[in-house]
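For reference, entry_36.pdb is printed below; it contains PDB, C-alpha atoms.
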```pdb
ATOM      1  CA  MET A   1      -5.021 -13.328  72.092  1.00  0.00           C
ATOM      2  CA  GLN A   2      -6.100 -13.730  75.649  1.00  0.00           C
ATOM      3  CA  ILE A   3      -5.779 -10.625  77.826  1.00  0.00           C
ATOM      4  CA  GLN A   4      -6.122 -11.066  81.555  1.00  0.00           C
ATOM      5  CA  ASP A   5      -4.356 -10.808  84.904  1.00  0.00           C
ATOM      6  CA  ASP A   6      -2.201 -13.951  84.899  1.00  0.00           C
ATOM      7  CA  PHE A   7       1.052 -12.777  86.481  1.00  0.00           C
ATOM      8  CA  GLY A   8       2.851 -15.763  88.002  1.00  0.00           C
ATOM      9  CA  LYS A   9       0.352 -18.360  86.755  1.00  0.00           C
ATOM     10  CA  ALA A  10       1.075 -21.413  84.592  1.00  0.00           C
ATOM     11  CA  THR A  11       0.740 -20.899  80.842  1.00  0.00           C
ATOM     12  CA  ASP A  12      -2.346 -22.166  79.048  1.00  0.00           C
ATOM     13  CA  SER A  13      -4.137 -21.423  75.779  1.00  0.00           C
ATOM     14  CA  LEU A  14      -6.926 -19.861  77.853  1.00  0.00           C
ATOM     15  CA  ARG A  15      -4.598 -17.505  79.770  1.00  0.00           C
ATOM     16  CA  MET A  16      -2.653 -14.336  78.949  1.00  0.00           C
ATOM     17  CA  GLY A  17      -0.980 -14.593  75.541  1.00  0.00           C
ATOM     18  CA  GLY A  18      -2.748 -17.758  74.443  1.00  0.00           C
ATOM     19  CA  VAL A  19      -4.718 -18.193  71.244  1.00  0.00           C
ATOM     20  CA  TYR A  20      -8.023 -19.276  72.752  1.00  0.00           C
ATOM     21  CA  GLY A  21      -8.217 -23.052  72.881  1.00  0.00           C
ATOM     22  CA  PHE A  22      -5.340 -23.593  70.419  1.00  0.00           C
ATOM     23  CA  LEU A  23      -1.906 -22.174  71.258  1.00  0.00           C
ATOM     24  CA  ARG A  24      -0.191 -22.005  74.636  1.00  0.00           C
ATOM     25  CA  PRO A  25       2.492 -19.347  75.224  1.00  0.00           C
ATOM     26  CA  ALA A  26       6.041 -20.703  75.674  1.00  0.00           C
ATOM     27  CA  LEU A  27       6.399 -18.667  78.877  1.00  0.00           C
ATOM     28  CA  ASN A  28       4.456 -16.324  81.117  1.00  0.00           C
ATOM     29  CA  ALA A  29       5.660 -12.816  80.284  1.00  0.00           C
ATOM     30  CA  SER A  30       2.768 -11.066  82.058  1.00  0.00           C
ATOM     31  CA  ALA A  31       3.468  -7.875  83.954  1.00  0.00           C
ATOM     32  CA  ARG A  32       2.346  -7.437  87.552  1.00  0.00           C
ATOM     33  CA  PRO A  33      -1.257  -6.357  88.202  1.00  0.00           C
ATOM     34  CA  GLY A  34      -1.768  -2.646  87.553  1.00  0.00           C
ATOM     35  CA  GLU A  35       1.147  -2.374  85.091  1.00  0.00           C
ATOM     36  CA  TRP A  36       0.671  -1.748  81.362  1.00  0.00           C
ATOM     37  CA  GLN A  37       1.073  -4.782  79.113  1.00  0.00           C
ATOM     38  CA  SER A  38       2.541  -4.532  75.610  1.00  0.00           C
ATOM     39  CA  TYR A  39       1.574  -6.867  72.760  1.00  0.00           C
ATOM     40  CA  ASP A  40       3.137  -7.088  69.306  1.00  0.00           C
ATOM     41  CA  ILE A  41       1.197  -9.579  67.195  1.00  0.00           C
ATOM     42  CA  THR A  42       2.115 -10.575  63.651  1.00  0.00           C
ATOM     43  CA  LEU A  43      -0.516 -12.607  61.831  1.00  0.00           C
ATOM     44  CA  VAL A  44       0.036 -13.828  58.280  1.00  0.00           C
ATOM     45  CA  GLY A  45      -2.590 -16.305  57.143  1.00  0.00           C
ATOM     46  CA  ARG A  46      -2.810 -18.821  59.978  1.00  0.00           C
ATOM     47  CA  ARG A  47       0.748 -18.209  61.249  1.00  0.00           C
ATOM     48  CA  VAL A  48       1.171 -16.016  64.310  1.00  0.00           C
ATOM     49  CA  THR A  49       4.074 -14.595  66.289  1.00  0.00           C
ATOM     50  CA  VAL A  50       3.280 -12.983  69.624  1.00  0.00           C
ATOM     51  CA  VAL A  51       5.609 -10.772  71.651  1.00  0.00           C
ATOM     52  CA  LEU A  52       4.332  -9.903  75.122  1.00  0.00           C
ATOM     53  CA  ASN A  53       6.216  -7.276  77.101  1.00  0.00           C
ATOM     54  CA  GLY A  54       9.262  -7.682  74.857  1.00  0.00           C
ATOM     55  CA  LYS A  55       9.425 -11.503  75.061  1.00  0.00           C
ATOM     56  CA  THR A  56       8.440 -13.833  72.218  1.00  0.00           C
ATOM     57  CA  ILE A  57       5.840 -16.183  73.670  1.00  0.00           C
ATOM     58  CA  ILE A  58       4.502 -17.718  70.428  1.00  0.00           C
ATOM     59  CA  ASP A  59       6.910 -17.965  67.485  1.00  0.00           C
ATOM     60  CA  ASN A  60       5.499 -18.389  63.968  1.00  0.00           C
ATOM     61  CA  ALA A  61       3.006 -21.046  65.094  1.00  0.00           C
ATOM     62  CA  GLU A  62       0.099 -22.192  62.976  1.00  0.00           C
ATOM     63  CA  ILE A  63      -3.408 -21.608  64.339  1.00  0.00           C
ATOM     64  CA  PRO A  64      -5.230 -24.830  63.409  1.00  0.00           C
ATOM     65  CA  GLY A  65      -8.669 -23.291  62.903  1.00  0.00           C
ATOM     66  CA  ILE A  66     -11.055 -20.500  63.805  1.00  0.00           C
ATOM     67  CA  THR A  67     -11.607 -19.707  67.471  1.00  0.00           C
ATOM     68  CA  GLY A  68     -14.960 -19.547  69.208  1.00  0.00           C
ATOM     69  CA  GLY A  69     -15.028 -15.770  68.803  1.00  0.00           C
ATOM     70  CA  ALA A  70     -15.028 -15.865  64.981  1.00  0.00           C
ATOM     71  CA  LEU A  71     -17.931 -14.088  63.282  1.00  0.00           C
ATOM     72  CA  ASP A  72     -17.896 -16.606  60.414  1.00  0.00           C
ATOM     73  CA  SER A  73     -15.593 -19.191  58.837  1.00  0.00           C
ATOM     74  CA  ASP A  74     -14.228 -16.995  56.004  1.00  0.00           C
ATOM     75  CA  GLU A  75     -10.677 -16.624  57.334  1.00  0.00           C
ATOM     76  CA  GLY A  76      -9.377 -14.836  54.233  1.00  0.00           C
ATOM     77  CA  ALA A  77     -11.920 -12.013  54.205  1.00  0.00           C
ATOM     78  CA  PRO A  78     -11.116  -8.701  55.892  1.00  0.00           C
ATOM     79  CA  GLY A  79     -12.995  -8.256  59.102  1.00  0.00           C
ATOM     80  CA  PRO A  80     -13.135  -6.260  62.304  1.00  0.00           C
ATOM     81  CA  LEU A  81     -10.617  -6.169  65.105  1.00  0.00           C
ATOM     82  CA  MET A  82     -12.569  -7.278  68.152  1.00  0.00           C
ATOM     83  CA  LEU A  83     -11.511  -6.240  71.650  1.00  0.00           C
ATOM     84  CA  GLN A  84     -13.794  -8.381  73.745  1.00  0.00           C
ATOM     85  CA  GLY A  85     -13.977  -8.498  77.493  1.00  0.00           C
ATOM     86  CA  ASP A  86     -16.283 -10.003  80.043  1.00  0.00           C
ATOM     87  CA  HIS A  87     -14.242 -10.513  83.215  1.00  0.00           C
ATOM     88  CA  GLY A  88     -13.445  -7.021  84.445  1.00  0.00           C
ATOM     89  CA  LYS A  89     -12.118  -3.618  83.451  1.00  0.00           C
ATOM     90  CA  VAL A  90      -9.466  -3.479  80.715  1.00  0.00           C
ATOM     91  CA  THR A  91      -8.057  -0.290  79.185  1.00  0.00           C
ATOM     92  CA  PHE A  92      -6.441  -0.132  75.739  1.00  0.00           C
ATOM     93  CA  ARG A  93      -4.170   2.533  74.283  1.00  0.00           C
ATOM     94  CA  ASN A  94      -1.991   2.860  71.178  1.00  0.00           C
ATOM     95  CA  VAL A  95      -3.688   0.145  69.103  1.00  0.00           C
ATOM     96  CA  TYR A  96      -2.117   0.014  65.622  1.00  0.00           C
ATOM     97  CA  ILE A  97      -3.037  -2.196  62.680  1.00  0.00           C
ATOM     98  CA  ILE A  98      -0.419  -2.312  59.937  1.00  0.00           C
ATOM     99  CA  PRO A  99      -1.493  -4.274  56.846  1.00  0.00           C
ATOM    100  CA  SER A 100       1.185  -6.336  55.149  1.00  0.00           C
ATOM    101  CA  GLN A 101       2.496  -5.078  51.830  1.00  0.00           C
TER     102      GLN A 101
END
```
Encoded form (structure tokens):
Amino acid sequence: MQIQDDFGKATDSLRMGGVYGFLRPALNASARPGEWQSYDITLVGRRVTVVLNGKTIIDNAEIPGITGGALDSDEGAPGPLMLQGDHGKVTFRNVYIIPSQ
């Protein structure tokens, strides 16, 4: 999921809430600069639902392949959660990973 300051900008797979290069959010639910953002992401296999700041922006969409940030092509293997940034300061809090049953 893209994380950046995109309040008021057009949606794109490379902007806030997008799955890099693949899925564009249905709407821009970004908060104003300086406000906390809230993500709820459900990923089952290649299907993803994304709720940004209480609004569903991607609803059970299929991710067609691995993104450029993938460590390898083994999608089914457990792997790390990567919080990657290279465009400025980002602060994270209350990060929870809940495995499916």
**OP:** Would you mind telling me which residue in A:Ala31, A:Ala70, A:Val50, A:Leu43 lies nearest to Gly17 in chain A when using only C-alpha atoms?
**Re:**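 Nearest to Gly17 in chain A: A:Val50.
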Original post:
Got a sec: who's within 7 Å of Asn60 in chain A, counting all atoms listed in the file, leaving out chain neighbours fewer than 3 positions off, as a list in words?
Top reply: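 Within the cut-off, the hits are Arg47, Val48 and Thr49 of chain A.
The point (10.4, -16.6, 77.9) has these residues within 7 Å of it when all atoms listed in the file are used: Ala26, Leu27, Asn28, Ala29, Lys55, Thr56 and Ile57 of chain A.
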Original post:
Mind pulling up the distance from CA of Gln37 in chain A to CA of Ile66 in chain A?
Top reply: 25.1 Å
**OP:** Might you spell out which residues the PyMOL selection byres ((chain A and resi 24) around 9) would select in the displayed file, as a list of chain:residue names?
**Re:**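 Selected by the PyMOL selection byres ((chain A and resi 24) around 9) here: A:Thr11, A:Asp12, A:Ser13, A:Leu14, A:Arg15, A:Gly17, A:Gly18, A:Val19, A:Tyr20, A:Gly21, A:Phe22, A:Leu23, A:Pro25, A:Ala26, A:Leu27, A:Ile57, A:Ile58.
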Subject >> Nearest to Asp40 in chain A by atom-to-atom distance, counting only C-alpha atoms, from A:Val90, A:Leu52, A:Ile63, A:Met1 >> reply: A:Leu52
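From CA of Ile3 in chain A back to CA of Thr67 in chain A, the distance works out to 15.0 Å.
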Subject >> Interatomic distance, CA of Ser100 in chain A to CA of Val44 in chain A (Å, one decimal) >> reply: 8.2 Å
Subject >> Best match for closeness to Glu35 in chain A among A:Lys9, A:Glu75, A:His87, A:Gln4, counting only C-alpha atoms >> reply: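 Looking only at the distances to Glu35 in chain A, the closest residue turns out to be A:Gln4.
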Original post:
With all atoms listed in the file as the basis for distance, which of A:Gly8, A:Pro80, A:Gly45, A:Gly54 is at the shortest distance from Arg32 in chain A?
Top reply: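 Looking only at the distances to Arg32 in chain A, the closest residue turns out to be A:Gly8.
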**OP:** Around the point (-0.3, -4.3, 60.4), in the coordinates given by the file, pick out the residues reaching within 9 Å, counting all atoms listed in the file, and return them as a PyMOL selection string.
**Re:** chain A and resi 41-43+96-100
Original post:
Can you list, as a PyMOL selection string, every protein, DNA or RNA residue that comes within 9 Å of Pro33 in chain A when you count all atoms listed in the file, leaving out same-chain residues fewer than 3 positions away?
Top reply: chain A and resi 5-7+30+36
**OP:** Identify which of the residues A:Gly88, A:Arg46, A:Glu62, A:Asn53 lies closest to Gly76 in chain A, counting only C-alpha atoms when measuring atom-to-atom distances.
**Re:**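 Looking at the shortest contact to Gly76 in chain A, the residue is A:Arg46.
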**OP:** Using all atoms listed in the file, find the one residue out of A:Gly34, A:Asp59, A:Gly79, A:Tyr39 that sits nearest to Gln2 in chain A.
**Re:**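 Ranking A:Gly34, A:Asp59, A:Gly79, A:Tyr39 by distance to Gln2 in chain A, first place goes to A:Tyr39.
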Would you place a box with edges along x, y and z of the file around all atoms of range 67-77 of chain A listed there, add 6 Å to each of its six sides, and report the centre and edge lengths in Å to one decimal, as AutoDock Vina command-line options?
```
--center_x -13.7 --center_y -15.9 --center_z 61.7 --size_x 20.6 --size_y 19.7 --size_z 27.0
```
